[in-house]
Amino acid sequence: MSAEPRVLRYTAFADDPDGGNPAGVVLDASELTDDAMQRIATELDYAETAFVTGEADGVRTVRYFSPIAEVPFCGHATVATAVAIAERTRPGTLRFATPVGEIVIETSDDGIGLRAAFTSIDTELAHFPEFVLDALLELIGVDRSQLDERYPPRLAFAGAWHPVIVIAESHVFDGFGFDPGAMRAFMDAQGWPLTVAILHRLSDAAHGALRFEARNIFPVGRITEDPATGSAAAAVGGYLRGLGAVHPPARMVIEQGRHVGRPSRLDVDIPERGGIVVSGRAVPIR
């Protein structure tokens, strides 16, 4: 019987091991079965664990598992995996074959640490069915009158569908809550495998970049909110472009994780067309 592969632990979208979103990384999962990958992800109990299951012609095949199921894509685990590889080789361009398509990641060393920037697949935007939106707002205890009129609710896609809700007032954003079991059942019924992105617009960041704070609902295992969600950040970039709320090329900063004690920062570049670029640091968790 082959030995159990080494499971690395990184946190992404932060330069402090106590911040960001922890991810498991298995750099050689070529001999693991689906059941074995799911078991490792469940035992680790991070939001996602990434498994590199093979490599051909410079393209690594990567799969992602939450504690309860395989998911199509995970941004923070992609950043963590890319940084783990760059630490063991050298910074440069990486290509991952994922269930949603090929993802290109640029890793770099800015003298402070390693960063990774992934480009999502192209984005899509869709309207909520009214009854689905009403049910979601009821689950978080928010009324339509409390939403930000500049940013209407939509379903946004950048590899997986993320509902996007923008709340106008900070006290409503900070104060909403939900029942994790009821939310999990509702998300499963809608076919939403990843997070529900709840946002609040903050003042602009440096150089005029749009700045939002996010709370991403993700009830899996002991987790209820995701500290940093790269896939949702890409979806939000596509959402803003699809609404005409930005003039590409544009930059956005998403702050996340304050509500769960793991502050994170995601930098998002929005081109005129094509995939959204999401970047951030990742560091090992010792």
# chains A, B, ... in the order shown; residues from 1 in each chain; ligands from 1

$ residues_around --residues "region 215-221 of chain A" --least-positions-apart "2" --cutoff "6 Å" --atoms "only C-alpha atoms" --output "list of chain:residue names"
A:Pro180, A:Arg184, A:Thr195, A:Val196, A:Ala197, A:Ile198, A:Ile223, A:Thr224, A:Glu225, A:Asp226

$ write_last_selection --atoms "C-alpha atoms" --output "PDB file, in the first residue's frame"
ATOM      1  CA  PRO A 180     -26.710  27.271   8.681  1.00  0.00           C
ATOM      2  CA  ARG A 184     -27.386  24.710   3.330  1.00  0.00           C
ATOM      3  CA  THR A 195     -20.964  30.731  -1.593  1.00  0.00           C
ATOM      4  CA  VAL A 196     -23.665  33.353  -1.409  1.00  0.00           C
ATOM      5  CA  ALA A 197     -21.843  36.688  -1.715  1.00  0.00           C
ATOM      6  CA  ILE A 198     -23.225  39.447   0.510  1.00  0.00           C
ATOM      7  CA  ILE A 223     -17.824  26.617   8.679  1.00  0.00           C
ATOM      8  CA  THR A 224     -20.674  29.080   8.163  1.00  0.00           C
ATOM      9  CA  GLU A 225     -18.881  32.004   6.473  1.00  0.00           C
ATOM     10  CA  ASP A 226     -15.871  31.855   4.169  1.00  0.00           C
TER      11      ASP A 226
END

$ select_by_dssp --residues "region 137-270 of chain A" --states "helix (DSSP H, G or I)" --output "number ranges by chain"
A: 137-140, 144-146, 170-175, 180-190, 206-208, 230-243, 258-260

$ write_last_selection --atoms "N, CA and C atoms" --output "compact mmCIF listing (two decimals), in the first residue's frame"
# COMPACT_ATOMS: atom_id res chain seq x y z
N LEU A 137 -33.52 36.36 0.85
CA LEU A 137 -33.55 37.52 1.74
C LEU A 137 -34.23 37.18 3.07
N GLU A 138 -35.26 36.37 3.02
CA GLU A 138 -35.93 35.96 4.26
C GLU A 138 -34.98 35.14 5.13
N LEU A 139 -34.17 34.29 4.52
CA LEU A 139 -33.23 33.46 5.28
C LEU A 139 -32.18 34.30 6.01
N ILE A 140 -31.78 35.44 5.44
CA ILE A 140 -30.78 36.28 6.11
C ILE A 140 -31.43 37.44 6.87
N ARG A 144 -35.93 43.95 1.06
CA ARG A 144 -35.50 44.55 -0.22
C ARG A 144 -35.18 46.03 -0.07
N SER A 145 -35.86 46.71 0.82
CA SER A 145 -35.62 48.14 1.01
C SER A 145 -34.24 48.41 1.59
N GLN A 146 -33.58 47.38 2.13
CA GLN A 146 -32.26 47.55 2.73
C GLN A 146 -31.12 47.25 1.74
N SER A 170 -24.20 49.78 6.67
CA SER A 170 -23.20 48.92 7.31
C SER A 170 -23.79 48.15 8.49
N HIS A 171 -24.72 48.76 9.24
CA HIS A 171 -25.25 48.05 10.42
C HIS A 171 -26.10 46.86 10.01
N VAL A 172 -26.77 46.95 8.87
CA VAL A 172 -27.53 45.80 8.36
C VAL A 172 -26.56 44.73 7.88
N PHE A 173 -25.51 45.14 7.18
CA PHE A 173 -24.50 44.21 6.70
C PHE A 173 -23.83 43.49 7.87
N ASP A 174 -23.46 44.22 8.90
CA ASP A 174 -22.80 43.61 10.05
C ASP A 174 -23.75 42.73 10.86
N GLY A 175 -25.03 43.07 10.84
CA GLY A 175 -25.96 42.43 11.77
C GLY A 175 -26.76 41.26 11.25
N PRO A 180 -27.57 27.98 9.64
CA PRO A 180 -26.71 27.27 8.68
C PRO A 180 -27.39 26.06 8.03
N GLY A 181 -28.15 25.30 8.79
CA GLY A 181 -28.81 24.13 8.23
C GLY A 181 -29.84 24.49 7.18
N ALA A 182 -30.65 25.50 7.50
CA ALA A 182 -31.67 25.94 6.55
C ALA A 182 -31.02 26.53 5.30
N MET A 183 -29.94 27.28 5.49
CA MET A 183 -29.26 27.87 4.34
C MET A 183 -28.62 26.79 3.47
N ARG A 184 -28.00 25.79 4.10
CA ARG A 184 -27.39 24.71 3.33
C ARG A 184 -28.42 23.99 2.48
N ALA A 185 -29.57 23.69 3.07
CA ALA A 185 -30.62 23.00 2.33
C ALA A 185 -31.12 23.86 1.17
N PHE A 186 -31.26 25.16 1.40
CA PHE A 186 -31.72 26.07 0.35
C PHE A 186 -30.70 26.17 -0.78
N MET A 187 -29.42 26.31 -0.43
CA MET A 187 -28.38 26.40 -1.46
C MET A 187 -28.30 25.12 -2.28
N ASP A 188 -28.41 23.99 -1.61
CA ASP A 188 -28.39 22.71 -2.34
C ASP A 188 -29.57 22.62 -3.30
N ALA A 189 -30.73 23.09 -2.85
CA ALA A 189 -31.92 23.03 -3.71
C ALA A 189 -31.77 23.91 -4.95
N GLN A 190 -30.99 24.99 -4.83
CA GLN A 190 -30.78 25.89 -5.98
C GLN A 190 -29.61 25.44 -6.86
N ALA A 206 -7.15 52.95 -2.66
CA ALA A 206 -6.11 53.77 -3.30
C ALA A 206 -6.23 53.69 -4.81
N HIS A 207 -5.85 54.78 -5.46
CA HIS A 207 -5.85 54.88 -6.92
C HIS A 207 -7.26 54.74 -7.50
N GLY A 208 -8.28 55.03 -6.68
CA GLY A 208 -9.65 55.04 -7.18
C GLY A 208 -10.30 53.69 -7.36
N GLY A 230 -12.07 33.48 -3.57
CA GLY A 230 -11.57 33.94 -4.85
C GLY A 230 -12.55 33.74 -5.99
N SER A 231 -13.27 32.61 -5.98
CA SER A 231 -14.24 32.37 -7.06
C SER A 231 -15.36 33.41 -7.02
N ALA A 232 -15.80 33.77 -5.81
CA ALA A 232 -16.84 34.79 -5.69
C ALA A 232 -16.32 36.16 -6.09
N ALA A 233 -15.05 36.45 -5.77
CA ALA A 233 -14.47 37.74 -6.17
C ALA A 233 -14.47 37.86 -7.69
N ALA A 234 -14.13 36.77 -8.39
CA ALA A 234 -14.18 36.80 -9.85
C ALA A 234 -15.61 37.01 -10.34
N ALA A 235 -16.56 36.32 -9.71
CA ALA A 235 -17.96 36.47 -10.10
C ALA A 235 -18.44 37.90 -9.87
N VAL A 236 -18.02 38.51 -8.76
CA VAL A 236 -18.41 39.90 -8.48
C VAL A 236 -17.80 40.85 -9.52
N GLY A 237 -16.56 40.58 -9.93
CA GLY A 237 -15.98 41.39 -11.00
C GLY A 237 -16.79 41.32 -12.27
N GLY A 238 -17.22 40.10 -12.64
CA GLY A 238 -18.07 39.94 -13.81
C GLY A 238 -19.44 40.58 -13.63
N TYR A 239 -19.95 40.53 -12.40
CA TYR A 239 -21.23 41.16 -12.07
C TYR A 239 -21.15 42.67 -12.30
N LEU A 240 -20.11 43.30 -11.78
CA LEU A 240 -19.99 44.76 -11.93
C LEU A 240 -19.84 45.15 -13.40
N ARG A 241 -19.05 44.35 -14.14
CA ARG A 241 -18.89 44.64 -15.57
C ARG A 241 -20.20 44.44 -16.30
N GLY A 242 -20.92 43.37 -15.98
CA GLY A 242 -22.19 43.10 -16.66
C GLY A 242 -23.24 44.14 -16.38
N LEU A 243 -23.22 44.73 -15.18
CA LEU A 243 -24.17 45.79 -14.83
C LEU A 243 -23.80 47.13 -15.47
N ARG A 258 -13.50 39.69 8.29
CA ARG A 258 -13.55 40.37 9.59
C ARG A 258 -14.55 39.72 10.52
N HIS A 259 -15.66 39.27 10.00
CA HIS A 259 -16.73 38.73 10.84
C HIS A 259 -16.42 37.35 11.39
N VAL A 260 -15.40 36.70 10.84
CA VAL A 260 -15.01 35.38 11.35
C VAL A 260 -13.58 35.40 11.89

$ closest_atom_pairs --of "region 67-164 of chain A" --to "region 15-35 of chain A" --cutoff "7 Å" --atoms "only C-alpha atoms" --output "JSON lines"
{"residue": "A:His76", "atom": "CA", "partner": "A:Asn21", "partner_atom": "CA", "distance": 6.8}
{"residue": "A:Ala77", "atom": "CA", "partner": "A:Ala23", "partner_atom": "CA", "distance": 5.4}
{"residue": "A:Ala80", "atom": "CA", "partner": "A:Ala23", "partner_atom": "CA", "distance": 6.8}
{"residue": "A:Thr81", "atom": "CA", "partner": "A:Val25", "partner_atom": "CA", "distance": 5.9}

$ write_last_selection --atoms "N, CA and C atoms" --output "PDB file, in the first residue's frame"
ATOM      1  N   HIS A  76      -9.382  30.408  -3.577  1.00  0.00           N
ATOM      2  CA  HIS A  76      -8.334  30.528  -2.554  1.00  0.00           C
ATOM      3  C   HIS A  76      -7.436  29.298  -2.543  1.00  0.00           C
ATOM      4  N   ALA A  77      -8.006  28.118  -2.813  1.00  0.00           N
ATOM      5  CA  ALA A  77      -7.166  26.923  -2.893  1.00  0.00           C
ATOM      6  C   ALA A  77      -6.283  26.945  -4.148  1.00  0.00           C
ATOM      7  N   ALA A  80      -3.404  29.194  -3.125  1.00  0.00           N
ATOM      8  CA  ALA A  80      -2.545  28.458  -2.195  1.00  0.00           C
ATOM      9  C   ALA A  80      -1.700  27.416  -2.932  1.00  0.00           C
ATOM     10  N   THR A  81      -2.316  26.688  -3.855  1.00  0.00           N
ATOM     11  CA  THR A  81      -1.595  25.657  -4.601  1.00  0.00           C
ATOM     12  C   THR A  81      -0.519  26.271  -5.474  1.00  0.00           C
TER      13      THR A  81
END

$ select_by_dssp --residues "region 211-280 of chain A" --states "strand (DSSP E)" --output "JSON, numbers by chain"
{"A": [211, 212, 213, 214, 215, 216, 217, 218, 219, 220, 223, 224, 225, 226, 250, 251, 252, 253, 254, 255, 256, 264, 265, 266, 267, 268, 269, 270, 277, 278, 279, 280]}

$ closest_residue --among "A:Ala205, A:Ala84, A:Val79, A:Leu155" --to "Thr119 (chain A)" --atoms "only C-alpha atoms"
A:Val79

$ closest_atom_pairs --of "region 120-172 of chain A" --to "region 91-103 of chain A" --cutoff "10 Å" --atoms "only C-alpha atoms" --output "Markdown table"
| residue | atom | partner | partner_atom | distance |
| --- | --- | --- | --- | --- |
| A:Ser120 | CA | A:Ile103 | CA | 6.3 |
| A:Ile121 | CA | A:Ile103 | CA | 7.1 |
| A:Ala158 | CA | A:Val100 | CA | 9.0 |
| A:Gly159 | CA | A:Val100 | CA | 5.6 |
| A:Ala160 | CA | A:Val100 | CA | 8.0 |

$ residues_around --residues "Pro284 (chain A)" --least-positions-apart "6" --cutoff "7 Å" --atoms "only C-alpha atoms" --output "ChimeraX atom specification"
/A:9-11,17

$ residues_around --residues "Ile40 (chain A)" --least-positions-apart "2" --cutoff "12 Å" --atoms "only C-alpha atoms" --output "ChimeraX atom specification"
/A:4-8,23-26,29,32-38,42-46,48-51,64-70

$ write_last_selection --atoms "C-alpha atoms" --output "PDB file, in the first residue's frame"
ATOM      1  CA  GLU A   4      -0.489   8.694   2.472  1.00  0.00           C
ATOM      2  CA  PRO A   5       0.477  11.861   0.531  1.00  0.00           C
ATOM      3  CA  ARG A   6       1.620  14.929   2.409  1.00  0.00           C
ATOM      4  CA  VAL A   7      -1.112  17.485   3.046  1.00  0.00           C
ATOM      5  CA  LEU A   8       0.203  21.050   3.050  1.00  0.00           C
ATOM      6  CA  ALA A  23      -6.718  25.569   2.304  1.00  0.00           C
ATOM      7  CA  GLY A  24      -5.287  22.107   2.141  1.00  0.00           C
ATOM      8  CA  VAL A  25      -2.926  21.366  -0.749  1.00  0.00           C
ATOM      9  CA  VAL A  26      -1.857  17.910  -1.931  1.00  0.00           C
ATOM     10  CA  ALA A  29      -2.571  13.079  -5.509  1.00  0.00           C
ATOM     11  CA  LEU A  32      -5.689   8.906  -4.617  1.00  0.00           C
ATOM     12  CA  THR A  33      -9.226   7.702  -5.255  1.00  0.00           C
ATOM     13  CA  ASP A  34     -12.187  10.053  -5.100  1.00  0.00           C
ATOM     14  CA  ASP A  35     -13.120   8.579  -1.714  1.00  0.00           C
ATOM     15  CA  ALA A  36      -9.609   9.150  -0.393  1.00  0.00           C
ATOM     16  CA  MET A  37      -9.606  12.787  -1.513  1.00  0.00           C
ATOM     17  CA  GLN A  38     -12.992  13.345   0.080  1.00  0.00           C
ATOM     18  CA  THR A  42     -13.345  16.054   5.462  1.00  0.00           C
ATOM     19  CA  GLU A  43     -10.698  15.298   8.082  1.00  0.00           C
ATOM     20  CA  LEU A  44      -8.825  18.537   7.385  1.00  0.00           C
ATOM     21  CA  ASP A  45     -12.124  20.442   7.585  1.00  0.00           C
ATOM     22  CA  TYR A  46     -10.992  23.529   5.705  1.00  0.00           C
ATOM     23  CA  GLU A  48     -11.577  23.419   0.428  1.00  0.00           C
ATOM     24  CA  THR A  49      -8.589  21.202  -0.232  1.00  0.00           C
ATOM     25  CA  ALA A  50      -6.898  21.148  -3.656  1.00  0.00           C
ATOM     26  CA  PHE A  51      -5.483  17.945  -5.125  1.00  0.00           C
ATOM     27  CA  TYR A  64     -11.182  20.649  -5.259  1.00  0.00           C
ATOM     28  CA  PHE A  65     -13.067  19.107  -2.357  1.00  0.00           C
ATOM     29  CA  SER A  66     -14.976  20.799   0.455  1.00  0.00           C
ATOM     30  CA  PRO A  67     -15.598  18.827   3.669  1.00  0.00           C
ATOM     31  CA  ILE A  68     -18.845  17.509   2.160  1.00  0.00           C
ATOM     32  CA  ALA A  69     -18.394  17.229  -1.618  1.00  0.00           C
ATOM     33  CA  GLU A  70     -16.260  17.919  -4.664  1.00  0.00           C
TER      34      GLU A  70
END

$ closest_residue --among "A:Ala250, A:Leu199, A:Ile85, A:Ala126" --to "Ala282 (chain A)" --atoms "only C-alpha atoms"
A:Ile85

$ atom_distance --atom1 "CA of Glu106 (chain A)" --atom2 "CA of Arg281 (chain A)"
11.7 Å

$ atom_distance --atom1 "CA of Ala156 (chain A)" --atom2 "CA of Val132 (chain A)"
14.6 Å
